[in-house]
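**Q** What follows is data.txt, made up of compact mmCIF, C-alpha atoms:
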# COMPACT_ATOMS: atom_id res chain seq x y z
CA MET A 1 0.00 0.00 0.00
CA ASP A 2 1.39 3.40 -0.99
CA HIS A 3 0.33 6.84 0.26
CA SER A 4 -2.14 7.44 -2.58
CA ASP A 5 -3.85 4.13 -1.80
CA ALA A 6 -3.99 5.05 1.89
CA VAL A 7 -5.60 8.40 1.10
CA ARG A 8 -8.04 6.88 -1.37
CA LEU A 9 -9.10 4.18 1.09
CA LYS A 10 -9.14 6.64 4.00
CA ALA A 11 -6.94 4.12 5.73
CA THR A 12 -6.05 6.33 8.69
CA GLU A 13 -9.67 6.87 9.69
CA ARG A 14 -10.63 3.25 9.02
CA TYR A 15 -7.62 2.06 10.97
CA LEU A 16 -8.67 4.06 14.01
CA LEU A 17 -12.23 2.75 13.66
CA ASN A 18 -11.06 -0.86 13.13
CA GLU A 19 -12.75 -1.02 9.72
CA LEU A 20 -9.80 -2.41 7.75
CA ASP A 21 -9.90 -6.06 6.77
CA PRO A 22 -6.95 -8.24 7.90
CA ASP A 23 -4.99 -7.82 4.65
CA GLN A 24 -5.50 -4.05 4.57
CA LEU A 25 -4.55 -3.83 8.24
CA ASP A 26 -1.25 -5.60 7.63
CA GLN A 27 -0.49 -3.45 4.58
CA PHE A 28 -1.34 -0.20 6.35
CA GLU A 29 0.75 -1.01 9.43
CA GLU A 30 3.71 -1.77 7.14
CA HIS A 31 3.01 1.47 5.26
CA LEU A 32 3.18 3.48 8.50
CA PHE A 33 6.92 2.75 8.83
CA ASP A 34 7.61 4.30 5.39
CA CYS A 35 5.08 7.17 5.28
CA PRO A 36 5.75 10.05 7.72
CA ASP A 37 2.45 11.74 6.81
CA CYS A 38 0.26 8.79 7.75
CA ALA A 39 2.38 8.04 10.82
CA LEU A 40 2.00 11.66 11.95
CA ASP A 41 -1.79 11.44 11.55
CA VAL A 42 -1.95 8.31 13.65
CA ARG A 43 0.43 9.67 16.32
CA SER A 44 -1.57 12.90 16.58
CA ALA A 45 -4.78 10.96 17.08
CA ALA A 46 -3.04 8.72 19.61
CA MET A 47 -1.84 11.73 21.64
CA PHE A 48 -5.32 13.24 21.57
CA LEU A 49 -6.90 10.02 22.77
CA GLU A 50 -4.29 9.61 25.49
CA GLN A 51 -5.22 13.03 26.85
CA SER A 52 -8.91 12.26 26.55
CA LYS A 53 -8.45 9.15 28.71
CA ASN A 54 -7.18 11.33 31.56
CA VAL A 55 -10.05 13.79 31.20
CA LEU A 56 -12.71 11.14 30.96
CA ALA A 57 -11.28 8.85 33.63
CA HIS A 58 -14.28 9.52 35.84
CA ALA A 59 -16.78 8.55 33.14
CA ALA A 60 -18.38 5.14 32.86
CA ASP A 61 -16.31 2.40 31.27
CA PRO A 62 -16.99 2.15 27.54
CA VAL A 63 -18.97 -0.83 26.31
CA ALA A 64 -17.06 -3.12 24.01
CA VAL A 65 -18.56 -3.46 20.54
CA LYS A 66 -18.20 -6.72 18.68
CA THR A 67 -17.12 -6.47 15.08
CA PRO A 68 -16.89 -9.15 12.41
CA ASN A 69 -13.16 -8.52 12.07
CA PRO A 70 -10.94 -10.56 14.39
CA VAL A 71 -9.17 -8.66 17.16
CA ARG A 72 -5.53 -8.33 16.25
CA LYS A 73 -2.43 -7.21 18.06
CA GLY A 74 -0.10 -4.71 16.49
CA TRP A 75 2.04 -1.70 17.13
CA PHE A 76 -1.09 0.44 17.63
CA SER A 77 -3.40 -2.27 18.94
CA TRP A 78 -4.36 -0.19 22.00
CA LEU A 79 -5.87 2.48 19.74
CA ARG A 80 -9.32 0.98 19.19
CA PRO A 81 -12.98 2.13 19.04
CA ALA A 82 -13.28 1.68 22.82
CA PHE A 83 -11.91 5.21 23.09
CA ALA A 84 -13.52 6.67 19.95
CA VAL A 85 -16.84 7.65 21.54
CA PRO A 86 -15.28 9.30 24.64
CA ALA A 87 -12.84 11.15 22.40
CA MET A 88 -15.65 12.48 20.24
CA ALA A 89 -17.53 13.53 23.36
CA LEU A 90 -14.45 15.40 24.60
CA LEU A 91 -14.08 17.11 21.22
CA VAL A 92 -17.71 18.24 21.31
CA LEU A 93 -17.18 19.63 24.82
CA VAL A 94 -14.07 21.56 23.77
CA VAL A 95 -15.74 23.05 20.68
CA GLY A 96 -18.86 23.91 22.67
CA TYR A 97 -16.80 25.62 25.38
CA GLN A 98 -14.95 27.70 22.80
CA ASN A 99 -18.16 28.75 21.02
CA LEU A 100 -20.19 29.44 24.16
CA VAL A 101 -17.55 30.86 26.53
CA GLN A 102 -14.21 31.80 25.00
CA LEU A 103 -15.30 33.42 21.74
CA PRO A 104 -18.09 35.56 23.28
CA ALA A 105 -15.64 36.69 25.97
CA MET A 106 -13.07 37.69 23.34
CA LYS A 107 -15.70 39.57 21.32
CA SER A 108 -16.88 41.33 24.46
CA ALA A 109 -13.33 42.38 25.34
CA SER A 110 -12.68 43.68 21.82
CA ALA A 111 -15.81 45.86 22.05
CA LEU A 112 -14.49 47.72 25.10
CA PRO A 113 -12.77 51.10 24.64
CA GLN A 114 -8.98 50.92 24.79
CA VAL A 115 -6.19 53.45 25.13
CA MET A 116 -3.73 53.07 22.25
CA PRO A 117 -0.16 54.41 22.39
CA SER A 118 0.25 57.29 19.95
CA ALA A 119 2.62 60.02 18.82
CA PHE A 120 1.96 63.43 17.31
CA ILE A 121 4.04 64.10 14.19
CA THR A 122 4.23 67.43 12.42
CA ILE A 123 5.27 66.77 8.85
CA ALA A 124 5.99 70.38 7.96
CA THR A 125 8.75 70.76 10.58
CA ARG A 126 12.18 69.17 10.93
CA GLY A 127 12.79 69.86 14.61
CA ALA A 128 15.31 68.03 16.72
CA ASN A 129 12.60 66.58 18.97
CA ILE A 130 11.81 62.98 18.08
CA PRO A 131 8.49 61.64 19.39
CA VAL A 132 8.78 58.41 21.38
CA ILE A 133 6.18 55.64 21.45
CA ALA A 134 6.49 52.92 24.11
CA VAL A 135 4.51 49.79 23.29
CA LYS A 136 4.42 46.15 24.24
CA LYS A 137 5.76 43.67 21.73
CA GLY A 138 3.15 43.12 19.03
CA GLN A 139 0.93 46.00 20.24
CA ASP A 140 -0.62 48.36 17.69
CA PHE A 141 -0.09 52.11 17.93
CA SER A 142 -1.32 55.23 16.15
CA LEU A 143 0.36 58.17 14.47
CA ILE A 144 -1.43 61.52 14.55
CA ILE A 145 -0.03 63.39 11.56
CA ASP A 146 -0.25 67.16 11.24
CA LEU A 147 -0.15 68.12 7.55
CA PRO A 148 0.51 71.60 6.16
CA PRO A 149 -2.62 73.27 4.73
CA GLU A 150 -2.73 72.40 1.03
CA ASP A 151 -5.64 72.61 -1.40
CA GLY A 152 -3.99 71.27 -4.50
CA PHE A 153 -3.84 67.58 -3.60
CA SER A 154 -6.50 65.02 -4.40
CA SER A 155 -4.95 62.44 -2.06
CA TYR A 156 -1.88 61.66 0.01
CA ILE A 157 0.58 58.76 0.30
CA ALA A 158 2.13 57.94 3.68
CA ASP A 159 5.38 55.94 3.55
CA LEU A 160 6.87 54.25 6.62
CA TYR A 161 10.62 53.53 6.68
CA ASN A 162 12.05 51.10 9.22
CA PRO A 163 15.28 51.65 11.23
CA ALA A 164 17.25 50.04 8.39
CA GLY A 165 16.00 52.71 5.98
CA LYS A 166 13.81 50.33 3.99
CA ILE A 167 10.20 51.17 3.25
CA GLU A 168 7.77 48.90 5.09
CA TRP A 169 4.50 50.04 3.63
CA SER A 170 2.75 52.82 1.72
CA LEU A 171 -0.77 53.96 2.54
CA ALA A 172 -2.94 55.88 0.07
CA VAL A 173 -5.18 58.41 1.82
CA PRO A 174 -7.95 60.36 0.05
CA ALA A 175 -8.12 64.05 0.80
CA GLU A 176 -11.57 63.57 2.32
CA ALA A 177 -10.01 61.49 5.11
CA VAL A 178 -7.92 64.44 6.29
CA ALA A 179 -9.85 66.52 8.83
CA ASN A 180 -8.50 69.95 9.81
CA ASP A 181 -5.15 69.08 8.21
CA THR A 182 -4.82 66.13 10.60
CA LEU A 183 -4.59 62.46 9.72
CA SER A 184 -4.66 59.50 12.13
CA VAL A 185 -3.04 56.24 11.06
CA ARG A 186 -3.19 52.97 12.99
CA VAL A 187 0.07 51.04 12.66
CA PRO A 188 0.09 47.25 13.23
CA GLY A 189 2.70 46.25 15.81
CA THR A 190 3.17 42.67 14.62
CA GLN A 191 6.85 41.67 14.34
CA ARG A 192 7.95 45.28 14.56
CA GLN A 193 11.42 46.00 15.98
CA ALA A 194 12.49 48.87 18.21
CA GLY A 195 14.35 51.82 16.73
CA VAL A 196 13.91 55.11 14.88
CA TYR A 197 11.37 55.07 12.06
CA ILE A 198 10.66 57.76 9.50
CA LEU A 199 7.23 58.71 8.26
CA ALA A 200 7.20 60.50 4.90
CA VAL A 201 4.08 61.99 3.29
CA ARG A 202 3.64 62.70 -0.43
CA GLY A 203 0.86 64.68 -2.05
CA VAL A 204 -0.88 63.62 -5.25
CA PRO A 205 -1.81 66.72 -7.34
CA ARG A 206 -5.31 67.06 -8.71
CA ASP A 207 -3.98 67.38 -12.26
CA GLY A 208 -2.69 63.79 -12.14
CA SER A 209 1.01 64.65 -12.16
CA SER A 210 3.58 62.72 -10.15
CA PRO A 211 3.33 62.82 -6.33
CA SER A 212 5.68 65.20 -4.55
CA GLU A 213 6.99 64.83 -1.02
CA ILE A 214 5.46 67.24 1.47
CA GLY A 215 7.76 66.32 4.34
CA ARG A 216 9.05 63.62 6.62
CA HIS A 217 9.65 63.23 10.34
CA PRO A 218 11.26 60.53 12.53
CA PHE A 219 9.81 58.87 15.60
CA GLU A 220 11.29 56.34 18.01
CA LEU A 221 9.58 53.06 18.84
CA ARG A 222 10.50 51.47 22.16
CA LEU A 223 9.45 47.98 23.19
CA GLN A 224 8.52 47.46 26.83
Can the structure in the file be given as structure tokens, please?

**A**
Amino acid sequence: MDHSDAVRLKATERYLLNELDPDQLDQFEEHLFDCPDCALDVRSAAMFLEQSKNVLAHAADPVAVKTPNPVRKGWFSWLRPAFAVPAMALLVLVVGYQNLVQLPAMKSASALPQVMPSAFITIATRGANIPVIAVKKGQDFSLIIDLPPEDGFSSYIADLYNPAGKIEWSLAVPAEAVANDTLSVRVPGTQRQAGVYILAVRGVPRDGSSPSEIGRHPFELRLQ
């Protein structure tokens, strides 16, 4: 039996449910020694069932079910349908707990107001003061950008450069999103390193010509 035969016959599932005939059982158990994918599937199920035995130790002993296939001993002979029903019951309990308790709690927490670290950046100036943002690793933060009053731009492009001087992302912003010459940008904190970043803003003229840089300003990101 090769891997394609095992997948076509759903040998892993049938093996766990003791639905393989004697010849198929021998072939599949030999196949397990040469196929890491099938062996991983069986080992994962075995680990899950081992944990389920500890959780369900207080439950009633499972009732043995007679099958037409003879009971055979093998490397995985302990993994039999006697534990299938308790394992499924445990899986239902876990999924139900996540849907009824964990997920609603997470949604409720996300709906609460939160204070986000932020920095005020004035693009039109090149002062020596560098704003500092202190965040936890992976935490999002916001940049409140003060733009010079301009009426000739249809939109803006914000470019973020990392401490190595490489651009990380560019964000197109329509002019309608800028209120009172101020723009607020939420920056994802995922896998972001500490250091001095530079935010550059370009303006896109209404006549469709090439964008021109309005200004840029550094800020320092510190990880707590």

**Q** Leaving out Leu143 of chain A and any residue of its chain fewer than 4 positions from it, which residues lie within 8 Å of it when counting only C-alpha atoms, given as a ChimeraX atom specification?

**A** /A:118-121,184-187

**Q** What residues have an atom no more than 9 Å from (-8.5, 64.5, -9.5) in the file's own frame, counting only C-alpha atoms, and can you write them as a ChimeraX atom specification?

**A** /A:153-155,204-208

**Q** For Val196 of chain A, work out the shell of residues within 9 Å, counting only C-alpha atoms and skipping chain neighbours fewer than 6 positions away, then give it as JSON, numbers by chain.

**A** {"A": [130, 132, 161, 162, 163, 164, 218, 219, 220, 221, 222]}

**Q** Which residues are close to Thr190 of chain A, i.e. within 10 Å by all atoms listed in the file, leaving aside same-chain residues fewer than 4 positions away? Reply as a tab-separated table (two decimals) with C-alpha atoms, in the frame of the given file.

**A**
chain	number	residue	atom	x	y	z
A	137	LYS	CA	5.76	43.67	21.73
A	138	GLY	CA	3.15	43.12	19.03
A	139	GLN	CA	0.93	46.00	20.24
A	140	ASP	CA	-0.62	48.36	17.69

**Q** May I ask for the distance between atom CA of Ile145 of chain A and atom CA of Pro174 of chain A, given in Å to one decimal place?

**A**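 Atom-to-atom, atom CA of Ile145 of chain A to atom CA of Pro174 of chain A, that is 14.3 Å.
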
**Q** For the atom pair atom CA of Ala124 of chain A and atom CA of Leu223 of chain A, what is the interatomic distance in Å to one decimal place?

**A** 27.3 Å

**Q** Measuring atom to atom with all atoms listed in the file, identify which of A:Asp26, A:Glu19, A:Glu168, A:Asp37 is nearest to Val7 of chain A.

**A**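 For Val7 of chain A, the nearest of the given residues is A:Asp37.
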
**Q** Using all atoms listed in the file, pick whichever of A:Asp181, A:Asp5, A:Glu30, A:Glu213 has the shortest atom-to-atom distance to Pro148 of chain A.

**A**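 Distance minimum relative to Pro148 of chain A lands on A:Asp181.
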
**Q** For segment 31-33 of chain A, list every protein, DNA or RNA residue within 7 Å, evaluated using only C-alpha atoms, and leave out those in the same chain fewer than 5 positions away; present the list as a compact mmCIF listing (two decimals) with C-alpha atoms, in the coordinates of the input.

**A**
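Wrote selection-v3.txt, looks like this:
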# COMPACT_ATOMS: atom_id res chain seq x y z
CA MET A 1 0.00 0.00 0.00
CA ASP A 2 1.39 3.40 -0.99
CA CYS A 38 0.26 8.79 7.75
CA ALA A 39 2.38 8.04 10.82

**Q** In Å, with one decimal, what is the gap from atom CA of Tyr197 of chain A to atom CA of His217 of chain A?

**A**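 Separation between atom CA of Tyr197 of chain A and atom CA of His217 of chain A: 8.5 Å.
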
**Q** Give the answer as one residue: which of A:Leu17, A:Leu199, A:Ser212, A:Gln193 has the shortest atom-to-atom distance to Leu171 of chain A, using all atoms listed in the file?

**A**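 Looking only at the distances to Leu171 of chain A, the closest residue turns out to be A:Leu199.
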
**Q** Under the rule that all atoms listed in the file are counted, which of A:Asn129, A:Thr122, A:Gln24, A:Ser170 is the nearest residue to Pro149 of chain A?

**A**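 Looking only at the distances to Pro149 of chain A, the closest residue turns out to be A:Thr122.
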
**Q** Reconstruct segment 168-179 of chain A at the level of all heavy atoms, and format the result as a short mmCIF file (atom, residue, chain, number, x, y, z; two decimals), in the coordinates of the input.

**A**
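What ended up in out.cif:
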data_model
loop_
_atom_site.label_atom_id
_atom_site.label_comp_id
_atom_site.auth_asym_id
_atom_site.auth_seq_id
_atom_site.Cartn_x
_atom_site.Cartn_y
_atom_site.Cartn_z
N GLU A 168 8.56 50.04 4.63
CA GLU A 168 7.77 48.90 5.09
C GLU A 168 6.40 48.86 4.43
O GLU A 168 5.91 47.81 4.08
CB GLU A 168 7.62 48.93 6.61
CG GLU A 168 8.86 48.57 7.37
CD GLU A 168 8.56 48.11 8.78
OE1 GLU A 168 7.39 48.19 9.22
OE2 GLU A 168 9.49 47.66 9.47
N TRP A 169 5.78 49.99 4.31
CA TRP A 169 4.50 50.04 3.63
C TRP A 169 4.18 51.45 3.17
O TRP A 169 4.76 52.43 3.64
CB TRP A 169 3.36 49.51 4.49
CG TRP A 169 3.26 50.05 5.90
CD1 TRP A 169 3.57 49.41 7.05
CD2 TRP A 169 2.77 51.35 6.31
NE1 TRP A 169 3.33 50.21 8.14
CE2 TRP A 169 2.83 51.40 7.73
CE3 TRP A 169 2.30 52.48 5.64
CZ2 TRP A 169 2.45 52.53 8.46
CZ3 TRP A 169 1.91 53.59 6.36
CH2 TRP A 169 1.99 53.61 7.76
N SER A 170 3.26 51.54 2.21
CA SER A 170 2.75 52.82 1.72
C SER A 170 1.24 52.79 1.83
O SER A 170 0.60 51.79 1.48
CB SER A 170 3.17 53.06 0.26
OG SER A 170 4.57 53.20 0.16
N LEU A 171 0.68 53.89 2.31
CA LEU A 171 -0.77 53.96 2.54
C LEU A 171 -1.34 55.14 1.75
O LEU A 171 -0.93 56.29 1.94
CB LEU A 171 -1.07 54.14 4.03
CG LEU A 171 -2.54 54.34 4.41
CD1 LEU A 171 -3.34 53.09 4.10
CD2 LEU A 171 -2.67 54.70 5.88
N ALA A 172 -2.27 54.84 0.83
CA ALA A 172 -2.94 55.88 0.07
C ALA A 172 -4.11 56.42 0.89
O ALA A 172 -4.93 55.67 1.40
CB ALA A 172 -3.44 55.32 -1.26
N VAL A 173 -4.16 57.75 1.01
CA VAL A 173 -5.18 58.41 1.82
C VAL A 173 -5.91 59.45 0.98
O VAL A 173 -5.27 60.39 0.48
CB VAL A 173 -4.55 59.09 3.05
CG1 VAL A 173 -5.63 59.73 3.91
CG2 VAL A 173 -3.73 58.10 3.87
N PRO A 174 -7.21 59.33 0.78
CA PRO A 174 -7.95 60.36 0.05
C PRO A 174 -8.00 61.66 0.84
O PRO A 174 -7.93 61.66 2.08
CB PRO A 174 -9.35 59.74 -0.12
CG PRO A 174 -9.46 58.74 0.98
CD PRO A 174 -8.08 58.21 1.20
N ALA A 175 -8.11 62.75 0.14
CA ALA A 175 -8.12 64.05 0.80
C ALA A 175 -9.30 64.19 1.75
O ALA A 175 -9.21 64.89 2.76
CB ALA A 175 -8.16 65.16 -0.25
N GLU A 176 -10.39 63.49 1.46
CA GLU A 176 -11.57 63.57 2.32
C GLU A 176 -11.31 62.97 3.70
O GLU A 176 -12.04 63.27 4.66
CB GLU A 176 -12.75 62.84 1.67
CG GLU A 176 -13.27 63.50 0.38
CD GLU A 176 -12.37 63.20 -0.81
OE1 GLU A 176 -11.49 62.32 -0.67
OE2 GLU A 176 -12.55 63.84 -1.86
N ALA A 177 -10.30 62.11 3.83
CA ALA A 177 -10.01 61.49 5.11
C ALA A 177 -9.20 62.39 6.02
O ALA A 177 -9.00 62.07 7.20
CB ALA A 177 -9.26 60.16 4.89
N VAL A 178 -8.71 63.49 5.50
CA VAL A 178 -7.92 64.44 6.29
C VAL A 178 -8.86 65.50 6.85
O VAL A 178 -9.50 66.25 6.10
CB VAL A 178 -6.82 65.09 5.44
CG1 VAL A 178 -6.02 66.07 6.28
CG2 VAL A 178 -5.91 64.02 4.86
N ALA A 179 -8.97 65.56 8.18
CA ALA A 179 -9.85 66.52 8.83
C ALA A 179 -9.02 67.57 9.54
O ALA A 179 -8.16 67.24 10.38
CB ALA A 179 -10.76 65.81 9.83
#
